[in-house]
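Asker: Sharing a structure, written as structure tokens. Questions coming.
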Amino acid sequence: MNHGRKRGITEMIQRKKQNEKKDAHRDERYQFMKEQVQPQKKKNLAAVLKKAGLIFLSACFFGVVAGSIILAMQKYADDKEQEEKKQETYRADEEPPSSPLPSGGADGKSVKKKMSVEGWNDLSERLAAVGTGQQGCVVQVQGVEDSKWFSEDDSTETGSAAGILFAESDRYFDIMTTSDVTEDQSEVEVLVSEDIKVTGEILGVDARVNIAVIRIRKSKIDKEVLSGMKIAVFGSSSSLVNGSSVVAIGCPNGVMYSVMTGQVTNDDLRASITDGELNLYSTSMSYSDCNSGVVLDTDGKVVGVIAQGFEQTAGTTALSFIDIDNISGIMEILQQKEEMPYMGFTGRTISETAASAHGLKQGAYVTEVYSSAPAYESGMRVADVITEMDGETVTGMADVYQILLRHKTDDIIAYTVYRKSGKKLVKKELSIVLG
């Protein structure tokens with residue numbers, strides 16, 4: 001009995017010790033979890049929070065940058081839109097711009113500006129109004145031998161041309177027209193209104209530039225028609241550059257009293273003629289093989305004469321015109337019934353750069369001398385370079401042309417040429433009796 005009880009007590013004590021060990025192990029495990037596992041969770045949470053903070057800051061930064069870019073692009077777009085609106089419109093109380101495609105900078109190169117369809121239409125209407133306002137100086141000229149007249153129904157008929165009233169006296173109007181219409185004619189007829197036709201006297205002709213000057217009597221025209229006739233005002237082409245707006249009146253497209261508008265597309269064309277050189281301008285207006293008339297600037301002043309016979313230089317796709325500064329002197333000579341002074345050679349301008357490259361002098365380079373002409377008789381020969389004429393320096397054919405316009409036939413002019421002899425340039429002093 002005592003032995004069994006003792007063994008029971010021993011077993012109870014052992015189980016209690018085992019339970020105490022289990023409790024101690026559980027306490028150690030719990031302490032390990034407190035000391036190791038929970039701090040690790042805190043570390044992981046801190047890392048997550050840190051990463052989230054970096055992402056948030058990055059998002060803010062890139063949001064600010066993107067917003068700045070968007071605002072800058074919007075401002076640029078708004079500024080560009082405002083600039084285009086300024087280019088497309090101008091105040092109604094202002095004159096139309098003389099150069100809607102203005103020249104840019106000192107180099108003279110044009111800079112095209114964008115313009116809407118509405119802007120172009122508005123500009124064309126304003127320019128057309130300039131041409132319509134100058135219709136009073138336009139008449140129709142035809143040779144007496146050909147009684148057919150231009151009409152809208154038969155715009156291809158030849159033998160008729162536009163004439164421009166450019167001078168008047170108490171008794172007469174003087175008219176500039178093309179020399180073609182005066183060919184083989186002793187006199188011409190001028191239609192000054194739908195039912196009034198008067199005889200015109202041919203004062204002079206210069207076939208080199210296809211210009212003729214004729215005169216009509218005022219007494220043959222009734223007062224009502226006279227009141228509507230006006231004299232053209234001549235301007236200067238010196239301000240014309242690529243992009244300048246111009247207006248063609250007369251018969252620019254083969255139809256009398258028509259008006260065309262456009263812009264200068266090439267302001268640097270040169271055409272050789274006998275004893276000179278012409279400045280030509282091409283335009284955006286369409287070419288016609290039976291056109292005539294003049295070209296106006298935006299103030300309504302004549303700055304050019306529609307060119308005929310210079311297709312080799314100006315082409316046949318666009319209307320071209322001769323610088324009025326090259327024509328006005330000829331008109332004055334023809335108006336006085338005088339002959340154009342004549343030398344009888346053709347040439348081209350040789351610049352200082354080109355002259356230096358070829359071992360020549362700057363001046364007017366002679367390309368052809370007509371046999372038996374005053375130039376040939378004076379000793380001028382092909383490849384001579386004219387450097388001085390009538391005591392003035394000659395830098396090109398335009399100078400020769402202008403000097404001749406100040407003289408009359410039979411005048412004697414001294415001139416200087418340089419001629420190559422082997423590798424040397426020989427200077428020769430010559431004189432010519434103008435034909």
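Residues in the structure tokens are numbered from 1 in each chain, the chains being A, B, ... in the order shown, and ligands are numbered from 1 in the order shown.
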Report the closest atom pair, with its distance in Å rounded to one decimal, for each residue of stretch 233-327 of chain A that has an atom no farther than 10 Å from stretch 394-399 of chain A; count only C-alpha atoms, sort by chain and then rising residue number, and write it as a Markdown table.
Answerer:
```
| residue | atom | partner | partner_atom | distance |
| --- | --- | --- | --- | --- |
| A:Arg270 | CA | A:Ala398 | CA | 9.7 |
| A:Ser272 | CA | A:Met397 | CA | 8.2 |
| A:Ile273 | CA | A:Met397 | CA | 9.3 |
| A:Thr274 | CA | A:Met397 | CA | 9.9 |
| A:Asp275 | CA | A:Met397 | CA | 7.5 |
| A:Gly276 | CA | A:Met397 | CA | 5.1 |
| A:Glu277 | CA | A:Ala398 | CA | 5.2 |
| A:Leu278 | CA | A:Ala398 | CA | 7.1 |
| A:Asn279 | CA | A:Ala398 | CA | 8.7 |
| A:Asn326 | CA | A:Ala398 | CA | 8.8 |
```
Asker: Within 10 Å of stretch 350-359 of chain A, counting only C-alpha atoms, which residues show up once you throw out same-chain ones fewer than 3 positions away? Write them as a PDB file with C-alpha atoms, in the first residue's frame, please.
Answerer:
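Result saved to around-v1.pdb:
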```pdb
ATOM      1  CA  GLY A 347      26.540  92.940-124.388  1.00  0.00           C
ATOM      2  CA  GLN A 362      34.420  95.309-114.620  1.00  0.00           C
ATOM      3  CA  GLY A 363      32.036  96.907-117.099  1.00  0.00           C
ATOM      4  CA  ALA A 364      29.938  96.141-120.184  1.00  0.00           C
ATOM      5  CA  TYR A 365      31.231  93.028-121.959  1.00  0.00           C
ATOM      6  CA  VAL A 366      30.578  93.165-125.741  1.00  0.00           C
ATOM      7  CA  VAL A 385      34.929  95.572-122.055  1.00  0.00           C
ATOM      8  CA  THR A 395      29.801  99.212-114.457  1.00  0.00           C
ATOM      9  CA  GLY A 396      27.454  97.392-116.809  1.00  0.00           C
ATOM     10  CA  MET A 397      25.081  97.543-119.759  1.00  0.00           C
ATOM     11  CA  LYS A 420      42.817  91.183-124.258  1.00  0.00           C
ATOM     12  CA  LYS A 423      47.733  87.542-121.494  1.00  0.00           C
ATOM     13  CA  LYS A 424      47.687  91.323-121.330  1.00  0.00           C
ATOM     14  CA  LEU A 425      44.823  93.820-121.206  1.00  0.00           C
TER      15      LEU A 425
END
```
Asker: Kindly indicate which residue among A:Leu280, A:Ile214, A:Leu191, A:Ala161 lies nearest to A:Pro252, using only C-alpha atoms for the distances.
Answerer: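 Comparing A:Leu280, A:Ile214, A:Leu191, A:Ala161 against A:Pro252, the winner is A:Ala161.
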Asker: Run DSSP on the backbone of this structure and report the residues of stretch 175-302 of chain A it assigns to strand (DSSP E or B), as a PyMOL selection string.
Answerer: chain A and resi 175-177+187-191+197-206+211-217+234+245-251+258-273+276-286+292-296+302
Asker: Could you list, as an NGL selection string, every residue within 7 Å of A:Val294, counting only C-alpha atoms and ignoring same-chain residues fewer than 3 positions away?
Answerer: :A and (248-250 or 302 or 304-306)
Asker: Got a sec: who's within 12 Å of A:Glu339, counting only C-alpha atoms, leaving out chain neighbours fewer than 2 positions off, as number ranges by chain?
Answerer: A: 203-207, 330-337, 341-342, 404-405, 407-410, 434-435
Asker: What residues in stretch 192-392 of chain A get the DSSP label helix (DSSP H, G or I)? Please answer as an MDAnalysis selection string.
Answerer: chainID A and resid 218:220 223:228 311:314 324:335 352:357 374:378
